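final_24.cif, holding mmCIF, C-alpha atoms:
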data_target
loop_
_atom_site.label_atom_id
_atom_site.label_comp_id
_atom_site.auth_asym_id
_atom_site.auth_seq_id
_atom_site.Cartn_x
_atom_site.Cartn_y
_atom_site.Cartn_z
CA MET Q 1 0.00 0.00 0.00
CA ASN Q 2 1.05 3.58 -0.68
CA GLU Q 3 2.82 4.70 2.53
CA ALA Q 4 1.50 8.25 2.29
CA LEU Q 5 -2.06 6.93 1.94
CA LYS Q 6 -1.68 4.55 4.88
CA LYS Q 7 -0.26 7.29 7.08
CA PHE Q 8 -3.20 9.54 6.24
CA GLN Q 9 -5.73 6.75 6.78
CA ASP Q 10 -4.21 5.96 10.18
CA LEU Q 11 -4.48 9.63 11.13
CA LEU Q 12 -8.15 9.71 10.15
CA LYS Q 13 -8.87 6.57 12.16
CA GLY Q 14 -7.35 8.35 15.13
CA LEU Q 15 -9.36 11.50 14.45
CA PHE Q 16 -12.57 9.51 14.26
CA GLN Q 17 -11.67 7.56 17.42
CA PHE Q 18 -11.57 4.09 15.86
CA GLU Q 19 -9.62 2.85 18.87
CA SER Q 20 -12.63 3.75 21.06
CA SER Q 21 -15.16 1.67 19.14
CA ASP Q 22 -15.98 -0.28 22.30
CA LEU Q 23 -17.35 2.83 24.05
CA ASP Q 24 -21.05 3.56 23.76
CA PHE Q 25 -21.71 6.88 25.46
CA GLY Q 26 -21.67 10.52 24.41
CA ILE Q 27 -19.89 11.36 21.17
CA TYR Q 28 -18.64 7.77 20.88
CA ARG Q 29 -22.19 6.53 20.38
CA ILE Q 30 -22.60 8.92 17.43
CA LEU Q 31 -19.25 7.90 15.93
CA ASN Q 32 -20.08 4.21 16.35
CA TYR Q 33 -23.41 4.73 14.60
CA LYS Q 34 -21.60 5.96 11.48
CA ARG Q 35 -18.40 3.95 11.90
CA GLU Q 36 -18.89 1.70 8.88
CA GLN Q 37 -19.66 4.67 6.63
CA ILE Q 38 -16.56 6.44 7.91
CA ARG Q 39 -14.45 3.31 7.46
CA GLU Q 40 -15.68 2.88 3.88
CA PHE Q 41 -14.89 6.52 3.12
CA ILE Q 42 -11.38 6.27 4.58
CA GLU Q 43 -10.41 2.90 3.12
CA ASP Q 44 -12.22 2.89 -0.23
CA LYS Q 45 -13.54 6.27 -1.31
CA ILE Q 46 -10.49 8.44 -0.61
CA PRO Q 47 -8.12 6.37 -2.82
CA ASP Q 48 -10.85 6.18 -5.47
CA ILE Q 49 -11.37 9.97 -5.51
CA VAL Q 50 -7.65 10.54 -6.05
CA GLU Q 51 -7.39 7.85 -8.71
CA LYS Q 52 -10.32 9.24 -10.69
CA ALA Q 53 -9.08 12.82 -10.40
CA PHE Q 54 -5.79 11.97 -12.12
CA GLU Q 55 -7.17 9.58 -14.73
CA LYS Q 56 -7.56 12.40 -17.25
CA HIS Q 57 -3.79 13.01 -17.15
CA LYS Q 58 -2.93 9.44 -18.13
CA GLU Q 59 -3.01 8.68 -21.82
CA LYS Q 60 -1.74 5.13 -21.41
CA SER Q 61 -1.16 2.69 -18.60
CA LEU Q 62 2.32 2.33 -17.13
CA GLU Q 63 2.42 -1.27 -18.31
CA SER Q 64 1.83 -0.32 -21.96
CA ILE Q 65 4.38 2.52 -21.73
CA ASN Q 66 7.03 0.17 -20.33
CA LYS Q 67 6.33 -2.43 -23.01
CA GLU Q 68 6.65 0.20 -25.71
CA LEU Q 69 9.92 1.45 -24.22
CA GLU Q 70 11.38 -2.05 -24.10
CA ARG Q 71 10.33 -2.66 -27.70
CA LEU Q 72 11.94 0.59 -28.84
CA LYS Q 73 15.13 -0.13 -26.87
CA ALA Q 74 15.44 -3.50 -28.58
CA GLU Q 75 14.79 -1.99 -32.01
CA ILE Q 76 17.31 0.83 -31.48
CA ALA Q 77 19.93 -1.66 -30.28
CA LYS Q 78 19.26 -3.81 -33.33
CA ASN Q 79 19.56 -0.89 -35.76
CA PHE Q 80 22.26 1.22 -34.10
CA GLY Q 81 23.93 -1.16 -31.65
CA ASP Q 82 24.04 -1.17 -27.84
CA ASN Q 83 26.30 1.88 -27.90
CA ALA Q 84 23.33 4.02 -28.94
CA PHE Q 85 22.49 4.45 -25.23
CA THR Q 86 24.35 6.06 -22.38
CA PRO Q 87 24.77 3.96 -19.18
CA THR Q 88 21.54 5.57 -17.86
CA TYR Q 89 19.64 4.59 -21.02
CA ASP Q 90 19.46 8.10 -22.41
CA LEU Q 91 19.73 8.11 -26.17
CA LYS Q 92 22.98 9.54 -27.48
CA ASP Q 93 22.74 12.84 -29.37
CA GLN Q 94 23.58 11.42 -32.81
CA PHE Q 95 20.54 9.13 -32.72
CA ARG Q 96 17.98 11.52 -31.24
CA GLU Q 97 16.76 12.94 -34.56
CA THR Q 98 16.18 9.57 -36.21
CA PRO Q 99 12.54 8.35 -36.46
CA LEU Q 100 13.24 5.65 -33.87
CA GLY Q 101 15.06 8.13 -31.66
CA ARG Q 102 12.21 10.65 -31.72
CA LYS Q 103 9.69 7.92 -30.90
CA TYR Q 104 11.84 6.68 -28.01
CA ILE Q 105 12.14 10.22 -26.59
CA GLU Q 106 8.37 10.70 -26.90
CA VAL Q 107 7.52 7.46 -25.06
CA ASN Q 108 10.19 8.15 -22.44
CA ALA Q 109 8.60 11.56 -21.83
CA GLN Q 110 5.25 9.82 -21.33
CA LYS Q 111 6.85 7.63 -18.68
CA GLU Q 112 8.31 10.69 -16.94
CA VAL Q 113 4.87 12.30 -16.87
CA PHE Q 114 3.33 9.08 -15.54
CA ASP Q 115 5.94 8.88 -12.78
CA LYS Q 116 5.35 12.54 -11.95
CA ILE Q 117 1.60 11.95 -11.74
CA GLU Q 118 2.19 9.11 -9.28
CA GLU Q 119 4.42 11.40 -7.24
CA ILE Q 120 1.78 14.14 -7.24
CA LYS Q 121 -0.88 11.63 -6.18
CA HIS Q 122 1.27 10.73 -3.19
CA GLN Q 123 1.58 14.45 -2.48
CA VAL Q 124 -2.22 14.67 -2.20
CA PHE Q 125 -2.16 12.24 0.74
CA ASN Q 126 0.83 14.01 2.28
CA ASP Q 127 -0.95 17.36 1.90
CA LEU Q 128 -4.06 16.05 3.61
CA TYR Q 129 -2.00 14.45 6.38
CA ASN Q 130 -0.05 17.67 6.95
CA PHE Q 131 -3.24 19.72 7.09
CA PHE Q 132 -5.26 17.60 9.50
CA SER Q 133 -2.35 16.53 11.72
CA ARG Q 134 -1.47 20.14 12.54
CA TYR Q 135 -4.80 20.52 14.36
CA TYR Q 136 -4.74 17.16 16.15
CA GLU Q 137 -2.35 16.36 18.96
CA GLU Q 138 -2.54 13.28 21.20
CA GLY Q 139 -6.29 13.01 20.91
CA ASP Q 140 -6.97 16.74 21.29
CA PHE Q 141 -8.08 19.23 18.68
CA VAL Q 142 -5.88 22.34 18.63
CA PRO Q 143 -7.51 25.27 16.76
CA GLN Q 144 -4.54 27.41 15.74
CA TYR Q 145 -5.05 29.97 13.00
CA ARG Q 146 -2.19 29.56 10.54
CA TYR Q 147 -0.69 32.71 9.11
CA SER Q 148 2.58 31.54 7.59
CA ILE Q 149 4.80 28.51 7.24
CA LYS Q 150 7.83 30.60 8.16
CA GLY Q 151 8.62 32.96 11.02
CA HIS Q 152 5.42 33.82 12.92
CA LYS Q 153 3.25 30.83 12.10
CA TYR Q 154 0.00 31.81 13.77
CA ALA Q 155 -2.52 34.63 13.74
CA ILE Q 156 -5.53 35.41 15.89
CA PRO Q 157 -8.97 36.65 14.77
CA TYR Q 158 -8.72 40.44 15.05
CA ASN Q 159 -11.05 43.19 13.84
CA GLY Q 160 -9.16 46.29 14.96
CA GLU Q 161 -10.20 46.33 18.62
CA GLU Q 162 -8.06 48.44 20.94
CA VAL Q 163 -7.63 45.48 23.29
CA LYS Q 164 -7.98 41.88 22.19
CA LEU Q 165 -8.05 39.03 24.69
CA TYR Q 166 -7.42 35.64 23.14
CA TRP Q 167 -6.44 32.21 24.37
CA ALA Q 168 -5.65 28.91 22.67
CA ASN Q 169 -9.12 27.39 23.07
CA SER Q 170 -11.14 30.59 23.17
CA GLU Q 171 -13.59 29.35 20.53
CA GLN Q 172 -14.31 26.10 22.33
CA TYR Q 173 -16.61 25.00 25.12
CA TYR Q 174 -15.09 22.81 27.81
CA THR Q 175 -17.12 19.80 28.89
CA LYS Q 176 -15.96 17.69 31.80
CA THR Q 177 -17.59 14.29 31.85
CA GLY Q 178 -15.52 12.28 34.25
CA LEU Q 179 -13.99 11.93 37.66
CA LEU Q 180 -17.22 10.72 39.21
CA PHE Q 181 -15.47 8.16 41.43
CA ARG Q 182 -18.70 6.23 41.90
CA ASP Q 183 -19.26 2.49 41.90
CA TYR Q 184 -19.63 1.13 38.39
CA THR Q 185 -21.83 -1.96 38.25
CA PHE Q 186 -22.98 -4.45 35.65
CA LYS Q 187 -24.34 -8.00 35.53
CA ALA Q 188 -22.42 -11.14 34.55
CA GLY Q 189 -24.80 -14.07 34.64
CA SER Q 190 -26.09 -14.37 38.20
CA TYR Q 191 -23.26 -12.18 39.52
CA LYS Q 192 -23.21 -8.45 40.11
CA VAL Q 193 -19.82 -6.98 39.23
CA ILE Q 194 -18.74 -3.76 40.94
CA PHE Q 195 -15.76 -1.59 40.02
CA ARG Q 196 -14.95 0.47 43.11
CA ILE Q 197 -12.44 3.26 43.67
CA THR Q 198 -10.56 2.91 46.95
CA THR Q 199 -8.04 5.72 46.50
CA ALA Q 200 -8.69 8.87 44.50
CA ARG Q 201 -6.07 11.60 44.48
CA GLU Q 202 -7.58 13.94 41.96
CA GLU Q 203 -7.78 17.70 42.35
CA LEU Q 204 -11.52 17.91 41.83
CA ALA Q 205 -11.58 21.70 41.55
CA SER Q 206 -9.19 21.84 38.61
CA ASN Q 207 -9.45 20.84 34.98
CA LYS Q 208 -6.06 19.17 34.93
CA ALA Q 209 -4.18 17.25 37.56
CA THR Q 210 -0.56 18.22 38.10
CA LYS Q 211 0.67 14.76 37.03
CA GLU Q 212 -0.71 11.87 35.02
CA ARG Q 213 -3.03 9.61 37.00
CA PHE Q 214 -4.44 6.26 36.00
CA PHE Q 215 -6.85 3.61 37.22
CA VAL Q 216 -4.82 0.67 38.53
CA LEU Q 217 -5.84 -2.33 40.58
CA ASP Q 218 -5.77 -1.83 44.33
CA ASP Q 219 -2.47 -2.85 45.92
CA GLU Q 220 -3.98 -4.56 48.96
CA ASN Q 221 -7.25 -6.18 47.95
CA PRO Q 222 -7.82 -5.93 44.20
CA ILE Q 223 -10.63 -8.47 43.87
CA GLU Q 224 -13.17 -9.94 46.25
CA ILE Q 225 -15.83 -12.52 45.39
CA LYS Q 226 -18.59 -13.24 47.88
CA GLU Q 227 -21.93 -14.92 47.24
CA ASN Q 228 -23.15 -13.44 43.93
CA GLU Q 229 -21.06 -10.30 44.02
CA VAL Q 230 -17.66 -9.49 42.54
CA ILE Q 231 -15.87 -6.36 43.73
CA VAL Q 232 -12.87 -5.19 41.74
CA ARG Q 233 -11.06 -2.38 43.53
CA PHE Q 234 -9.05 0.35 41.84
CA GLN Q 235 -6.82 3.19 42.83
CA TYR Q 236 -6.68 6.41 40.84
CA ARG Q 237 -3.16 7.69 41.23
CA GLU Q 238 0.22 8.36 39.71
CA LEU Q 239 2.38 5.43 38.69
CA THR Q 240 5.70 4.49 40.20
CA GLU Q 241 8.71 4.14 37.92
CA LYS Q 242 8.46 0.37 38.25
CA GLU Q 243 4.79 0.44 37.27
CA VAL Q 244 5.58 2.56 34.22
CA ARG Q 245 7.98 -0.15 33.09
CA ASP Q 246 5.69 -3.04 34.06
CA TYR Q 247 2.70 -1.55 32.26
CA ASP Q 248 4.91 -0.47 29.33
CA VAL Q 249 3.46 3.05 29.33
CA GLU Q 250 6.53 5.19 28.82
CA GLY Q 251 5.18 6.83 25.66
CA GLY Q 252 1.90 7.63 23.95
CA SER Q 253 -1.30 9.37 24.95
CA ASN Q 254 -2.99 8.94 28.33
CA THR Q 255 -5.81 7.05 26.63
CA ALA Q 256 -3.39 4.56 25.10
CA LYS Q 257 -1.57 4.17 28.42
CA GLN Q 258 -4.81 3.51 30.31
CA LYS Q 259 -5.78 0.86 27.77
CA LYS Q 260 -2.48 -0.94 28.34
CA ILE Q 261 -3.10 -0.83 32.09
CA ASN Q 262 -6.65 -2.12 31.54
CA GLN Q 263 -5.26 -5.06 29.58
CA LYS Q 264 -2.99 -5.96 32.50
CA SER Q 265 -5.90 -5.57 34.94
CA PHE Q 266 -8.02 -7.85 32.78
CA GLU Q 267 -5.29 -10.49 32.71
CA PHE Q 268 -4.94 -10.32 36.50
CA VAL Q 269 -8.68 -10.79 37.09
CA LYS Q 270 -8.84 -13.55 34.48
CA THR Q 271 -6.02 -15.45 36.21
CA HIS Q 272 -7.76 -15.02 39.58
CA LEU Q 273 -11.02 -16.43 38.18
CA GLU Q 274 -9.26 -19.37 36.56
CA LYS Q 275 -7.37 -20.24 39.74
CA GLY Q 276 -10.60 -20.12 41.74
CA ASN Q 277 -12.43 -22.12 39.07
CA TYR Q 278 -15.26 -19.59 38.83
CA LEU Q 279 -16.76 -21.14 35.72
CA GLU Q 280 -19.80 -18.89 35.42
CA LEU Q 281 -17.71 -15.74 35.73
CA ILE Q 282 -15.16 -17.07 33.23
CA LYS Q 283 -17.99 -17.75 30.82
CA TYR Q 284 -19.54 -14.27 31.05
CA LEU Q 285 -16.49 -12.09 31.70
CA VAL Q 286 -13.73 -13.80 29.73
CA ASN Q 287 -15.24 -15.99 27.03
CA GLU Q 288 -18.12 -13.76 26.01
CA GLU Q 289 -17.26 -10.75 23.87
CA LYS Q 290 -18.66 -7.33 23.15
CA ASN Q 291 -17.28 -5.19 20.33
CA GLU Q 292 -14.68 -7.90 19.68
CA LYS Q 293 -13.28 -7.69 23.21
CA PRO Q 294 -13.77 -9.94 26.25
CA TYR Q 295 -16.75 -8.57 28.16
CA LEU Q 296 -14.69 -7.71 31.23
CA LEU Q 297 -12.13 -5.78 29.18
CA TYR Q 298 -14.94 -3.96 27.38
CA GLN Q 299 -16.39 -2.88 30.73
CA LEU Q 300 -12.94 -1.88 32.03
CA ASN Q 301 -12.35 0.38 29.04
CA ARG Q 302 -15.81 1.86 29.41
CA PHE Q 303 -15.36 2.43 33.14
CA THR Q 304 -12.01 4.21 32.84
CA ALA Q 305 -13.12 6.29 29.85
CA LYS Q 306 -16.36 7.36 31.47
CA ASN Q 307 -14.52 8.51 34.58
CA THR Q 308 -11.71 10.48 32.98
CA ARG Q 309 -12.59 11.79 29.54
CA ASP Q 310 -13.35 15.42 28.96
CA TYR Q 311 -13.91 17.41 25.80
CA PHE Q 312 -13.49 20.73 24.10
CA ILE Q 313 -16.36 21.44 21.72
CA HIS Q 314 -15.60 24.01 19.03
CA LYS Q 315 -18.29 26.61 18.38
CA ASN Q 316 -17.97 26.37 14.60
CA LEU Q 317 -15.41 23.78 13.61
CA LYS Q 318 -16.57 23.60 10.00
CA ARG Q 319 -16.06 27.32 9.42
CA PHE Q 320 -12.65 27.26 11.11
CA LEU Q 321 -11.29 24.25 9.22
CA SER Q 322 -12.77 25.33 5.87
CA GLY Q 323 -11.05 28.70 6.14
CA GLN Q 324 -7.79 27.08 7.16
CA LEU Q 325 -8.04 24.58 4.30
CA ASP Q 326 -8.40 27.40 1.76
CA TYR Q 327 -5.33 29.10 3.20
CA PHE Q 328 -3.39 25.83 3.26
CA ILE Q 329 -4.09 25.15 -0.42
CA LYS Q 330 -3.07 28.65 -1.49
CA ALA Q 331 0.02 28.86 0.71
CA GLU Q 332 1.37 25.32 0.77
CA VAL Q 333 -0.15 23.23 -2.02
CA LEU Q 334 0.04 25.85 -4.78
CA ASP Q 335 3.06 27.69 -3.45
CA ILE Q 336 5.40 29.65 -5.71
CA GLU Q 337 7.78 26.72 -6.11
CA THR Q 338 4.97 24.49 -7.33
CA LEU Q 339 3.61 27.14 -9.69
CA SER Q 340 7.04 27.44 -11.27
CA GLU Q 341 6.76 23.84 -12.52
CA GLU Q 342 4.91 24.96 -15.65
CA LYS Q 343 5.22 21.57 -17.31
CA TYR Q 344 3.17 19.94 -14.54
CA LEU Q 345 1.02 22.90 -13.53
CA ASP Q 346 -2.25 21.30 -14.66
CA LYS Q 347 -1.44 18.22 -12.55
CA HIS Q 348 -0.78 20.36 -9.48
CA ILE Q 349 -4.07 22.19 -10.01
CA THR Q 350 -5.76 18.77 -10.03
CA ARG Q 351 -3.83 18.02 -6.83
CA ALA Q 352 -5.17 21.19 -5.20
CA LYS Q 353 -8.75 20.47 -6.30
CA THR Q 354 -8.49 16.91 -4.95
CA VAL Q 355 -7.10 18.09 -1.60
CA LYS Q 356 -10.01 20.52 -1.37
CA GLU Q 357 -12.61 17.88 -2.32
CA ILE Q 358 -11.39 15.29 0.19
CA GLY Q 359 -10.66 17.88 2.88
CA GLU Q 360 -14.16 19.35 2.63
CA ALA Q 361 -15.72 15.88 2.72
CA ILE Q 362 -13.86 15.12 5.96
CA ILE Q 363 -14.72 18.49 7.48
#

What's the structure tokens form of this structure?
Amino acid sequence: MNEALKKFQDLLKGLFQFESSDLDFGIYRILNYKREQIREFIEDKIPDIVEKAFEKHKEKSLESINKELERLKAEIAKNFGDNAFTPTYDLKDQFRETPLGRKYIEVNAQKEVFDKIEEIKHQVFNDLYNFFSRYYEEGDFVPQYRYSIKGHKYAIPYNGEEVKLYWANSEQYYTKTGLLFRDYTFKAGSYKVIFRITTAREELASNKATKERFFVLDDENPIEIKENEVIVRFQYRELTEKEVRDYDVEGGSNTAKQKKINQKSFEFVKTHLEKGNYLELIKYLVNEEKNEKPYLLYQLNRFTAKNTRDYFIHKNLKRFLSGQLDYFIKAEVLDIETLSEEKYLDKHITRAKTVKEIGEAII
């Protein structure tokens, strides 16, 4: 697969929260409802749009061009000898004005154009990646008005006021959904399963804690099973250096780190159930699946997400991104260096139109 395309597709899957497909509340429920449509657009329609846009620039297929070149090479070698070519298979000057020479140069030029078109197609995906990635950072949308690609990169909306107050997320509403620290319960066969927080060291009055905190199994009594009740206890706290290594969470976003911790928690509970031979719980929590995950892991991910995720909601994201896309195309897709390539100018205009079409569809 085209590396530029794959990189862009992976970015879009991150933007549309594909890794959170097992969550079914809030915005995730909306995304899940349209997930298959989004997946089809990302995996099938985007490559198809680009392919169709550049079809008009291809007179022949690459296969037919290469066959024609090989045929002409053989014919030139037969008529003029192998010395008719330079080591890089350029035709020597004394043979360029012959009928065979002119035909060879013509077909070779077609191949150069074809190769250039393929390069420009890859640029479309790189352009789109560069545009959308600049506003997306570790799961957060960052609305920065671009002004230039050199020097002072950003601008702020300004209409000549004497004093203008502006901050990075001034056009967004903040919505805090988590840090409830309540019991989270669900049924597993005849059992009631409870996720309970035993230690919570969160600064409830602030939007951000001073250090990263995660839900980890309780150190002293992580799981208790009595009668028809299962209590899984968690602490919400910072990790020790040893835990960072054990959970393998030295890099990545907080969401990705918590998922790794959840996987370890799931494995711990699973081992506990297997050792105790709790067949009914193994059946419902380990063997049964929801959203292609063991039911217990699904509930763990849902529990941690519901308790910690918060959002910034932009007042008019479509207007912001559409304006930025127009600027991006003028300043970075059709920049002066690109416009100076007169031979391929029509291809670059197609590139710009395609970036705009796909970009607007995503927006």

* Using only C-alpha atoms, which residues sit within 10 Å of Q:Phe54 once same-chain residues fewer than 3 positions away are excluded, as a ChimeraX atom specification? -> /Q:49-51,57-58,117-118,120-121,347,350-351,354

* Asked: In file coordinates, which residues lie within 12 Å of (6.3, 12.6, -17.5) using all atoms listed in the file, given as JSON, numbers by chain?
  -> {"Q": [57, 58, 59, 60, 62, 65, 105, 106, 107, 108, 109, 110, 111, 112, 113, 114, 115, 116, 117, 118, 119, 120, 343, 344, 347]}

Return as JSON the centre and edge lengths, in Å with one decimal, of the box along x, y and z that encloses every atom of stretch 225-241 of chain Q in the file, padded by 4 Å per side.
{"center_x": -7.2, "center_y": -3.3, "center_z": 42.9, "size_x": 39.9, "size_y": 31.3, "size_z": 18.0}

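Put simply, atom CA of Q:Val244 is 15.2 Å away from atom CA of Q:Asp219.
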
* Given the file above and the PyMOL selection byres ((chain Q and resi 246-260) around 9), which residues are selected, and can you give them as an MDAnalysis selection string? -> chainID Q and resid 19 138:139 212:216 241:245 261:265 300:301 304:305 309

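Residue selection for this entry, given the PyMOL selection byres ((chain Q and resi 130) around 12), comprises Ala4, Lys7, Phe8, Leu11, Leu12, Gln123, Val124, Phe125, Asn126, Asp127, Leu128, Tyr129, Phe131, Phe132, Ser133, Arg134, Tyr135, Tyr136, Ile149, Leu325, Phe328, Ile329, Glu332, Val333, Val355 and Gly359 of chain Q.
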
* **Pairwise distance for atom CA of Q:Glu280 and atom CA of Q:Gly189, rounded to one decimal in Å** => 7.0 Å

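Restricting the calculation to only C-alpha atoms, the smallest distance between Q:Phe303 and any of Q:Val230, Q:Leu239, Q:Ile197, Q:Ile362 is found for Q:Ile197.
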